[in-house]
$ cat model-v2.pdb   # PDB, C-alpha atoms, pLDDT in the B column
ATOM      1  CA  MET A 160      84.946 -38.646  86.077  1.00 95.00           C
ATOM      2  CA  ILE A 161      88.737 -38.376  86.245  1.00 98.00           C
ATOM      3  CA  VAL A 162      90.211 -36.282  83.438  1.00 98.00           C
ATOM      4  CA  ILE A 163      93.860 -36.175  82.332  1.00 98.00           C
ATOM      5  CA  ILE A 164      94.792 -32.933  80.589  1.00 98.00           C
ATOM      6  CA  ASP A 165      96.414 -33.422  77.175  1.00 96.00           C
ATOM      7  CA  TYR A 166      98.422 -30.417  76.031  1.00 92.00           C
ATOM      8  CA  GLY A 167     100.870 -32.372  73.906  1.00 88.00           C
ATOM      9  CA  MET A 168     103.513 -33.004  76.589  1.00 85.00           C
ATOM     10  CA  GLY A 169     103.751 -36.169  78.660  1.00 79.00           C
ATOM     11  CA  ASN A 170     103.208 -39.892  78.661  1.00 80.00           C
ATOM     12  CA  LEU A 171      99.481 -39.624  79.206  1.00 93.00           C
ATOM     13  CA  ARG A 172      98.625 -43.236  78.503  1.00 95.00           C
ATOM     14  CA  SER A 173     100.888 -44.470  81.323  1.00 95.00           C
ATOM     15  CA  VAL A 174      99.056 -42.202  83.776  1.00 97.00           C
ATOM     16  CA  GLN A 175      95.716 -43.423  82.445  1.00 97.00           C
ATOM     17  CA  LYS A 176      96.770 -47.069  82.744  1.00 97.00           C
ATOM     18  CA  ALA A 177      97.901 -46.565  86.349  1.00 97.00           C
ATOM     19  CA  ILE A 178      94.539 -45.068  87.294  1.00 98.00           C
ATOM     20  CA  GLU A 179      92.746 -47.899  85.505  1.00 97.00           C
ATOM     21  CA  ALA A 180      94.927 -50.416  87.365  1.00 97.00           C
ATOM     22  CA  VAL A 181      93.460 -49.243  90.681  1.00 97.00           C
ATOM     23  CA  GLY A 182      89.883 -49.659  89.452  1.00 97.00           C
ATOM     24  CA  HIS A 183      88.945 -46.247  88.070  1.00 97.00           C
ATOM     25  CA  SER A 184      88.388 -44.935  84.568  1.00 96.00           C
ATOM     26  CA  ALA A 185      90.209 -41.856  83.304  1.00 97.00           C
ATOM     27  CA  GLU A 186      89.664 -39.808  80.168  1.00 97.00           C
ATOM     28  CA  ILE A 187      92.471 -38.063  78.289  1.00 97.00           C
ATOM     29  CA  THR A 188      91.163 -34.791  76.861  1.00 97.00           C
ATOM     30  CA  THR A 189      92.147 -31.690  74.915  1.00 96.00           C
ATOM     31  CA  ASP A 190      88.774 -30.056  75.685  1.00 97.00           C
ATOM     32  CA  PRO A 191      88.695 -27.437  78.488  1.00 98.00           C
ATOM     33  CA  ASP A 192      84.959 -28.051  78.943  1.00 97.00           C
ATOM     34  CA  ARG A 193      85.646 -31.705  79.834  1.00 98.00           C
ATOM     35  CA  VAL A 194      88.006 -30.447  82.522  1.00 98.00           C
ATOM     36  CA  ARG A 195      85.249 -28.214  83.864  1.00 96.00           C
ATOM     37  CA  GLN A 196      82.854 -31.188  83.961  1.00 97.00           C
ATOM     38  CA  ALA A 197      85.316 -33.540  85.678  1.00 98.00           C
ATOM     39  CA  SER A 198      85.218 -34.641  89.300  1.00 98.00           C
ATOM     40  CA  HIS A 199      89.039 -35.061  89.450  1.00 98.00           C
ATOM     41  CA  VAL A 200      91.737 -33.506  87.250  1.00 98.00           C
ATOM     42  CA  VAL A 201      95.313 -34.635  86.537  1.00 98.00           C
ATOM     43  CA  LEU A 202      97.883 -32.217  85.083  1.00 98.00           C
ATOM     44  CA  PRO A 203     100.812 -34.366  83.880  1.00 96.00           C
ATOM     45  CA  GLY A 204     103.788 -33.353  81.784  1.00 89.00           C
ATOM     46  CA  VAL A 205     107.390 -33.748  80.730  1.00 89.00           C
ATOM     47  CA  GLY A 206     109.517 -31.297  78.784  1.00 90.00           C
ATOM     48  CA  ALA A 207     110.152 -27.557  78.897  1.00 95.00           C
ATOM     49  CA  PHE A 208     108.246 -25.243  81.224  1.00 97.00           C
ATOM     50  CA  ALA A 209     107.861 -22.378  78.734  1.00 97.00           C
ATOM     51  CA  ASP A 210     106.519 -24.622  75.963  1.00 96.00           C
ATOM     52  CA  ALA A 211     104.062 -26.229  78.372  1.00 96.00           C
ATOM     53  CA  MET A 212     102.694 -22.906  79.626  1.00 97.00           C
ATOM     54  CA  SER A 213     102.399 -21.601  76.065  1.00 97.00           C
ATOM     55  CA  GLU A 214     100.339 -24.615  75.054  1.00 96.00           C
ATOM     56  CA  LEU A 215      98.146 -24.486  78.171  1.00 97.00           C
ATOM     57  CA  ARG A 216      97.340 -20.851  77.442  1.00 97.00           C
ATOM     58  CA  ARG A 217      96.765 -21.490  73.721  1.00 96.00           C
ATOM     59  CA  THR A 218      94.240 -24.225  74.435  1.00 96.00           C
ATOM     60  CA  GLY A 219      92.530 -22.547  77.393  1.00 97.00           C
ATOM     61  CA  MET A 220      93.561 -25.403  79.658  1.00 97.00           C
ATOM     62  CA  ASP A 221      95.266 -22.964  82.031  1.00 98.00           C
ATOM     63  CA  GLU A 222      91.938 -21.339  82.867  1.00 98.00           C
ATOM     64  CA  ALA A 223      90.058 -24.653  82.974  1.00 98.00           C
ATOM     65  CA  PHE A 224      92.548 -26.200  85.390  1.00 98.00           C
ATOM     66  CA  THR A 225      92.624 -23.100  87.584  1.00 98.00           C
ATOM     67  CA  GLU A 226      88.817 -23.144  87.720  1.00 98.00           C
ATOM     68  CA  ALA A 227      88.876 -26.804  88.775  1.00 98.00           C
ATOM     69  CA  VAL A 228      91.303 -26.030  91.593  1.00 98.00           C
ATOM     70  CA  ARG A 229      89.272 -23.040  92.795  1.00 98.00           C
ATOM     71  CA  ALA A 230      86.076 -25.112  92.639  1.00 98.00           C
ATOM     72  CA  GLY A 231      87.593 -27.467  95.212  1.00 98.00           C
ATOM     73  CA  LYS A 232      87.940 -30.493  92.947  1.00 98.00           C
ATOM     74  CA  PRO A 233      90.771 -32.939  93.728  1.00 98.00           C
ATOM     75  CA  CYS A 234      93.585 -31.895  91.375  1.00 98.00           C
ATOM     76  CA  LEU A 235      96.929 -33.633  90.904  1.00 98.00           C
ATOM     77  CA  GLY A 236     100.065 -32.383  89.148  1.00 98.00           C
ATOM     78  CA  VAL A 237     102.747 -34.848  88.028  1.00 98.00           C
ATOM     79  CA  CYS A 238     106.408 -33.991  87.300  1.00 97.00           C
ATOM     80  CA  LEU A 239     106.323 -30.901  85.063  1.00 97.00           C
ATOM     81  CA  GLY A 240     102.707 -30.641  86.215  1.00 97.00           C
ATOM     82  CA  LEU A 241     104.027 -29.780  89.692  1.00 98.00           C
ATOM     83  CA  GLN A 242     106.363 -27.095  88.402  1.00 98.00           C
ATOM     84  CA  LEU A 243     103.627 -25.443  86.328  1.00 98.00           C
ATOM     85  CA  LEU A 244     101.663 -24.750  89.513  1.00 98.00           C
ATOM     86  CA  PHE A 245     104.282 -22.306  90.752  1.00 98.00           C
ATOM     87  CA  THR A 246     104.579 -18.572  90.199  1.00 98.00           C
ATOM     88  CA  THR A 247     107.788 -18.422  88.174  1.00 98.00           C
ATOM     89  CA  SER A 248     110.255 -20.765  86.457  1.00 98.00           C
ATOM     90  CA  PHE A 249     113.858 -19.955  85.638  1.00 98.00           C
ATOM     91  CA  GLU A 250     114.238 -22.746  83.095  1.00 97.00           C
ATOM     92  CA  ASP A 251     115.975 -21.201  80.039  1.00 94.00           C
ATOM     93  CA  GLY A 252     114.829 -17.706  81.030  1.00 96.00           C
ATOM     94  CA  GLU A 253     112.108 -16.400  83.321  1.00 97.00           C
ATOM     95  CA  PHE A 254     108.533 -17.516  82.705  1.00 98.00           C
ATOM     96  CA  GLN A 255     105.261 -17.172  84.565  1.00 98.00           C
ATOM     97  CA  GLY A 256     103.449 -20.310  85.697  1.00 98.00           C
ATOM     98  CA  LEU A 257      99.881 -20.858  86.858  1.00 98.00           C
ATOM     99  CA  GLY A 258     100.573 -19.118  90.163  1.00 98.00           C
ATOM    100  CA  LEU A 259      98.532 -21.569  92.235  1.00 98.00           C
ATOM    101  CA  ILE A 260     101.427 -22.285  94.617  1.00 98.00           C
ATOM    102  CA  PRO A 261     103.656 -19.309  95.523  1.00 98.00           C
ATOM    103  CA  GLY A 262     107.292 -19.993  94.725  1.00 98.00           C
ATOM    104  CA  ARG A 263     109.791 -20.534  91.956  1.00 98.00           C
ATOM    105  CA  VAL A 264     111.291 -23.342  89.869  1.00 98.00           C
ATOM    106  CA  VAL A 265     115.091 -23.456  89.655  1.00 98.00           C
ATOM    107  CA  ARG A 266     117.756 -25.773  88.263  1.00 96.00           C
ATOM    108  CA  LEU A 267     119.178 -28.488  90.454  1.00 95.00           C
ATOM    109  CA  THR A 268     122.531 -27.455  91.897  1.00 90.00           C
ATOM    110  CA  SER A 269     125.462 -28.902  89.971  1.00 84.00           C
ATOM    111  CA  GLN A 270     127.992 -30.646  92.195  1.00 84.00           C
ATOM    112  CA  PRO A 271     130.857 -33.069  91.531  1.00 86.00           C
ATOM    113  CA  GLY A 272     129.510 -36.604  91.183  1.00 81.00           C
ATOM    114  CA  LEU A 273     125.895 -35.420  90.978  1.00 87.00           C
ATOM    115  CA  LYS A 274     124.134 -36.241  87.719  1.00 91.00           C
ATOM    116  CA  ILE A 275     121.652 -33.844  86.165  1.00 93.00           C
ATOM    117  CA  PRO A 276     118.978 -34.716  85.259  1.00 94.00           C
ATOM    118  CA  HIS A 277     118.148 -36.453  88.508  1.00 94.00           C
ATOM    119  CA  MET A 278     116.952 -39.819  87.212  1.00 94.00           C
ATOM    120  CA  GLY A 279     116.113 -42.857  89.304  1.00 95.00           C
ATOM    121  CA  TRP A 280     114.722 -44.027  92.620  1.00 97.00           C
ATOM    122  CA  ASN A 281     114.871 -41.820  95.714  1.00 96.00           C
ATOM    123  CA  THR A 282     113.351 -42.028  99.165  1.00 97.00           C
ATOM    124  CA  LEU A 283     110.626 -39.631 100.249  1.00 98.00           C
ATOM    125  CA  LYS A 284     110.869 -37.881 103.581  1.00 97.00           C
ATOM    126  CA  ILE A 285     107.264 -37.158 104.529  1.00 97.00           C
ATOM    127  CA  ARG A 286     106.931 -33.842 106.356  1.00 96.00           C
ATOM    128  CA  ARG A 287     103.214 -34.022 107.048  1.00 95.00           C
ATOM    129  CA  PRO A 288     100.419 -36.495 106.359  1.00 95.00           C
ATOM    130  CA  ILE A 289      98.156 -35.792 103.395  1.00 98.00           C
ATOM    131  CA  PRO A 290      95.536 -37.979 101.671  1.00 97.00           C
ATOM    132  CA  LEU A 291      97.785 -38.792  98.662  1.00 98.00           C
ATOM    133  CA  LEU A 292     100.412 -40.380 100.926  1.00 98.00           C
ATOM    134  CA  GLU A 293      98.112 -42.555 103.020  1.00 97.00           C
ATOM    135  CA  GLY A 294      99.314 -46.145 103.252  1.00 96.00           C
ATOM    136  CA  VAL A 295     102.673 -45.647 101.515  1.00 96.00           C
ATOM    137  CA  GLY A 296     104.591 -46.511 104.677  1.00 91.00           C
ATOM    138  CA  PRO A 297     107.698 -44.853 106.098  1.00 89.00           C
ATOM    139  CA  ASP A 298     110.412 -43.732 103.683  1.00 90.00           C
ATOM    140  CA  PRO A 299     108.779 -44.897 100.420  1.00 97.00           C
ATOM    141  CA  SER A 300     110.924 -44.957  97.266  1.00 97.00           C
ATOM    142  CA  VAL A 301     109.659 -43.326  94.073  1.00 98.00           C
ATOM    143  CA  TYR A 302     110.999 -42.656  90.575  1.00 98.00           C
ATOM    144  CA  PHE A 303     112.257 -39.202  89.535  1.00 97.00           C
ATOM    145  CA  VAL A 304     113.261 -37.702  86.187  1.00 96.00           C
ATOM    146  CA  HIS A 305     113.960 -33.954  86.333  1.00 96.00           C
ATOM    147  CA  SER A 306     116.568 -31.211  86.066  1.00 96.00           C
ATOM    148  CA  TYR A 307     114.607 -28.451  87.835  1.00 97.00           C
ATOM    149  CA  HIS A 308     112.879 -28.364  91.191  1.00 97.00           C
ATOM    150  CA  ALA A 309     110.353 -26.169  92.971  1.00 98.00           C
ATOM    151  CA  VAL A 310     111.095 -23.910  95.925  1.00 98.00           C
ATOM    152  CA  ALA A 311     107.893 -23.053  97.780  1.00 98.00           C
ATOM    153  CA  ASP A 312     107.451 -19.675  99.469  1.00 98.00           C
ATOM    154  CA  ARG A 313     105.186 -21.272 102.086  1.00 97.00           C
ATOM    155  CA  PRO A 314     106.948 -24.151 103.888  1.00 97.00           C
ATOM    156  CA  ASP A 315     103.585 -25.673 104.811  1.00 97.00           C
ATOM    157  CA  ASP A 316     102.876 -26.312 101.106  1.00 98.00           C
ATOM    158  CA  VAL A 317     105.667 -28.932 101.074  1.00 98.00           C
ATOM    159  CA  ALA A 318     104.316 -32.326 102.145  1.00 98.00           C
ATOM    160  CA  ALA A 319     107.386 -34.416 101.284  1.00 98.00           C
ATOM    161  CA  GLU A 320     110.996 -33.950 100.240  1.00 98.00           C
ATOM    162  CA  THR A 321     113.828 -36.035  98.871  1.00 97.00           C
ATOM    163  CA  ASP A 322     117.586 -35.486  99.037  1.00 95.00           C
ATOM    164  CA  TYR A 323     119.606 -34.678  95.907  1.00 94.00           C
ATOM    165  CA  PRO A 324     121.973 -34.075  97.635  1.00 88.00           C
ATOM    166  CA  GLY A 325     120.197 -31.593  99.918  1.00 89.00           C
ATOM    167  CA  PRO A 326     116.431 -31.445 100.507  1.00 95.00           C
ATOM    168  CA  ILE A 327     114.315 -30.741  97.425  1.00 96.00           C
ATOM    169  CA  THR A 328     110.539 -30.568  97.105  1.00 98.00           C
ATOM    170  CA  ALA A 329     108.957 -33.888  96.136  1.00 98.00           C
ATOM    171  CA  VAL A 330     105.266 -33.363  97.016  1.00 98.00           C
ATOM    172  CA  VAL A 331     103.293 -30.162  97.469  1.00 98.00           C
ATOM    173  CA  ASN A 332      99.789 -29.865  98.842  1.00 98.00           C
ATOM    174  CA  HIS A 333      97.441 -26.953  99.448  1.00 98.00           C
ATOM    175  CA  GLU A 334      93.858 -27.883 100.257  1.00 97.00           C
ATOM    176  CA  ASN A 335      92.491 -29.845  97.252  1.00 98.00           C
ATOM    177  CA  LEU A 336      95.613 -29.295  95.110  1.00 98.00           C
ATOM    178  CA  THR A 337      98.433 -31.850  95.304  1.00 98.00           C
ATOM    179  CA  ALA A 338     101.426 -32.472  93.054  1.00 98.00           C
ATOM    180  CA  CYS A 339     104.430 -34.806  92.800  1.00 98.00           C
ATOM    181  CA  GLN A 340     107.827 -34.047  91.283  1.00 98.00           C
ATOM    182  CA  PHE A 341     108.293 -37.788  90.699  1.00 98.00           C
ATOM    183  CA  HIS A 342     106.248 -40.118  88.491  1.00 97.00           C
ATOM    184  CA  PRO A 343     103.773 -42.229  90.494  1.00 97.00           C
ATOM    185  CA  GLU A 344     102.989 -44.232  87.334  1.00 96.00           C
ATOM    186  CA  LYS A 345     106.657 -45.338  87.234  1.00 96.00           C
ATOM    187  CA  SER A 346     106.856 -45.986  90.977  1.00 97.00           C
ATOM    188  CA  GLN A 347     105.331 -49.475  91.091  1.00 97.00           C
ATOM    189  CA  GLN A 348     103.024 -50.306  94.028  1.00 97.00           C
ATOM    190  CA  ILE A 349     103.776 -47.101  95.924  1.00 97.00           C
ATOM    191  CA  GLY A 350     102.658 -45.050  92.940  1.00 98.00           C
ATOM    192  CA  LEU A 351      99.527 -47.112  92.447  1.00 98.00           C
ATOM    193  CA  THR A 352      98.638 -46.534  96.093  1.00 98.00           C
ATOM    194  CA  MET A 353      98.924 -42.804  95.484  1.00 98.00           C
ATOM    195  CA  TYR A 354      96.692 -42.912  92.417  1.00 98.00           C
ATOM    196  CA  ALA A 355      94.144 -44.963  94.376  1.00 98.00           C
ATOM    197  CA  ASN A 356      94.220 -42.379  97.163  1.00 98.00           C
ATOM    198  CA  PHE A 357      93.686 -39.571  94.679  1.00 98.00           C
ATOM    199  CA  ALA A 358      90.865 -41.315  92.817  1.00 97.00           C
ATOM    200  CA  ARG A 359      88.792 -42.012  95.906  1.00 93.00           C
ATOM    201  CA  ARG A 360      88.921 -38.463  97.310  1.00 87.00           C
TER     202      ARG A 360
END

$ encode --input "model-v2.pdb" --output "structure tokens"
Amino acid sequence: MIVIIDYGMGNLRSVQKAIEAVGHSAEITTDPDRVRQASHVVLPGVGAFADAMSELRRTGMDEAFTEAVRAGKPCLGVCLGLQLLFTTSFEDGEFQGLGLIPGRVVRLTSQPGLKIPHMGWNTLKIRRPIPLLEGVGPDPSVYFVHSYHAVADRPDDVAAETDYPGPITAVVNHENLTACQFHPEKSQQIGLTMYANFARR
């Protein structure tokens, strides 16, 4: 059973529809026990880091998701769901994340001619092969919407980057835990391939 965590932030139905489009069912839930019972867990999200962490803690979803990761279940973070995995975010202050990936979340660097938020299609530069990226081909294009990005303490946790304008983290992976800064559900066939890869793990 694939479970999508609902903590009040994110377009959950679009993630669910993408998973269904590749032949798998997915349940959206607010119940931490359903997360504990799941075979696969998706942590999506859009919005502010501090609000998201507050809601995860209030509902007990922080502990349920952490337990799923430590149990070795395939777990996938999407957009804000990637940033929440990190130790600390500096979005509108300093806030503690789930601490599953060592590192920090910082604002994109403002430069002349560079729009923030970063919104639109960008090419991935794959640094190492991982199951999520199987079959996506060289230099796949995916859809981003974000103003902050993650900086990993361990370079090996970064599986793919994109340029905006310098390298920024696009995919992280550590054992059974994977996350994307972009939205696979908005990335057409490439994104569907990723969801299919995740679902069959």

$ closest_residue --input "model-v2.pdb" --among "A:Leu273, A:Val194, A:Ile260, A:Val301" --to "Asp315 (chain A)" --atoms "all atoms listed in the file"
A:Ile260

$ closest_residue --input "model-v2.pdb" --among "A:Thr321, A:Arg313, A:Leu336, A:Gly262" --to "Glu226 (chain A)" --atoms "all atoms listed in the file"
A:Leu336

$ closest_residue --input "model-v2.pdb" --among "A:Tyr302, A:Phe224, A:Phe208, A:Tyr354" --to "Gln242 (chain A)" --atoms "all atoms listed in the file"
A:Phe208

$ axis_aligned_box --input "model-v2.pdb" --around "region 273-284 of chain A" --padding-each-side "4 Å" --output "AutoDock Vina command-line options"
--center_x 118.3 --center_y -38.9 --center_z 94.4 --size_x 23.3 --size_y 18.2 --size_z 26.3

$ residues_around --input "model-v2.pdb" --residues "Val317 (chain A)" --least-positions-apart "3" --cutoff "10 Å" --atoms "all atoms listed in the file" --output "JSON list (two decimals) with C-alpha atoms, in the frame of the given file"
[["chain", "number", "residue", "atom", "x", "y", "z"],
["A", 285, "ILE", "CA", 107.26, -37.16, 104.53],
["A", 286, "ARG", "CA", 106.93, -33.84, 106.36],
["A", 287, "ARG", "CA", 103.21, -34.02, 107.05],
["A", 309, "ALA", "CA", 110.35, -26.17, 92.97],
["A", 310, "VAL", "CA", 111.10, -23.91, 95.92],
["A", 311, "ALA", "CA", 107.89, -23.05, 97.78],
["A", 312, "ASP", "CA", 107.45, -19.68, 99.47],
["A", 313, "ARG", "CA", 105.19, -21.27, 102.09],
["A", 314, "PRO", "CA", 106.95, -24.15, 103.89],
["A", 320, "GLU", "CA", 111.00, -33.95, 100.24],
["A", 327, "ILE", "CA", 114.32, -30.74, 97.42],
["A", 328, "THR", "CA", 110.54, -30.57, 97.10],
["A", 329, "ALA", "CA", 108.96, -33.89, 96.14],
["A", 330, "VAL", "CA", 105.27, -33.36, 97.02],
["A", 331, "VAL", "CA", 103.29, -30.16, 97.47],
["A", 332, "ASN", "CA", 99.79, -29.86, 98.84],
["A", 333, "HIS", "CA", 97.44, -26.95, 99.45],
["A", 337, "THR", "CA", 98.43, -31.85, 95.30],
["A", 338, "ALA", "CA", 101.43, -32.47, 93.05]]

$ resolve_selection --input "model-v2.pdb" --expression "the PyMOL selection byres ((chain A and resi 169) around 6)" --output "PDB file with C-alpha atoms, keeping the file's coordinate frame"
ATOM      1  CA  MET A 168     103.513 -33.004  76.589  1.00 85.00           C
ATOM      2  CA  ASN A 170     103.208 -39.892  78.661  1.00 80.00           C
ATOM      3  CA  LEU A 171      99.481 -39.624  79.206  1.00 93.00           C
ATOM      4  CA  GLY A 204     103.788 -33.353  81.784  1.00 89.00           C
ATOM      5  CA  VAL A 205     107.390 -33.748  80.730  1.00 89.00           C
TER       6      VAL A 205
END

$ resolve_selection --input "model-v2.pdb" --expression "the PyMOL selection byres ((chain A and resi 304) around 9)" --output "MDAnalysis selection string"
chainID A and resid 205 238 276:279 302:303 305:306 340:342

$ atom_distance --input "model-v2.pdb" --atom1 "CA of Ile289 (chain A)" --atom2 "CA of Leu215 (chain A)"
27.6 Å

$ atom_distance --input "model-v2.pdb" --atom1 "CA of Tyr307 (chain A)" --atom2 "CA of Cys234 (chain A)"
21.6 Å

$ resolve_selection --input "model-v2.pdb" --expression "the PyMOL selection byres ((chain A and resi 254) around 12)" --output "PyMOL selection string"
chain A and resi 207-213+242-243+245-253+255-258+263-265

$ atom_distance --input "model-v2.pdb" --atom1 "CA of Glu293 (chain A)" --atom2 "CA of Asp221 (chain A)"
28.9 Å

$ residues_near_point --input "model-v2.pdb" --point "(87.6, -32.1, 89.0)" --cutoff "9 Å" --atoms "only C-alpha atoms" --output "VMD selection string"
chain A and resid 160 to 162 194 to 201 224 227 to 228 230 to 234
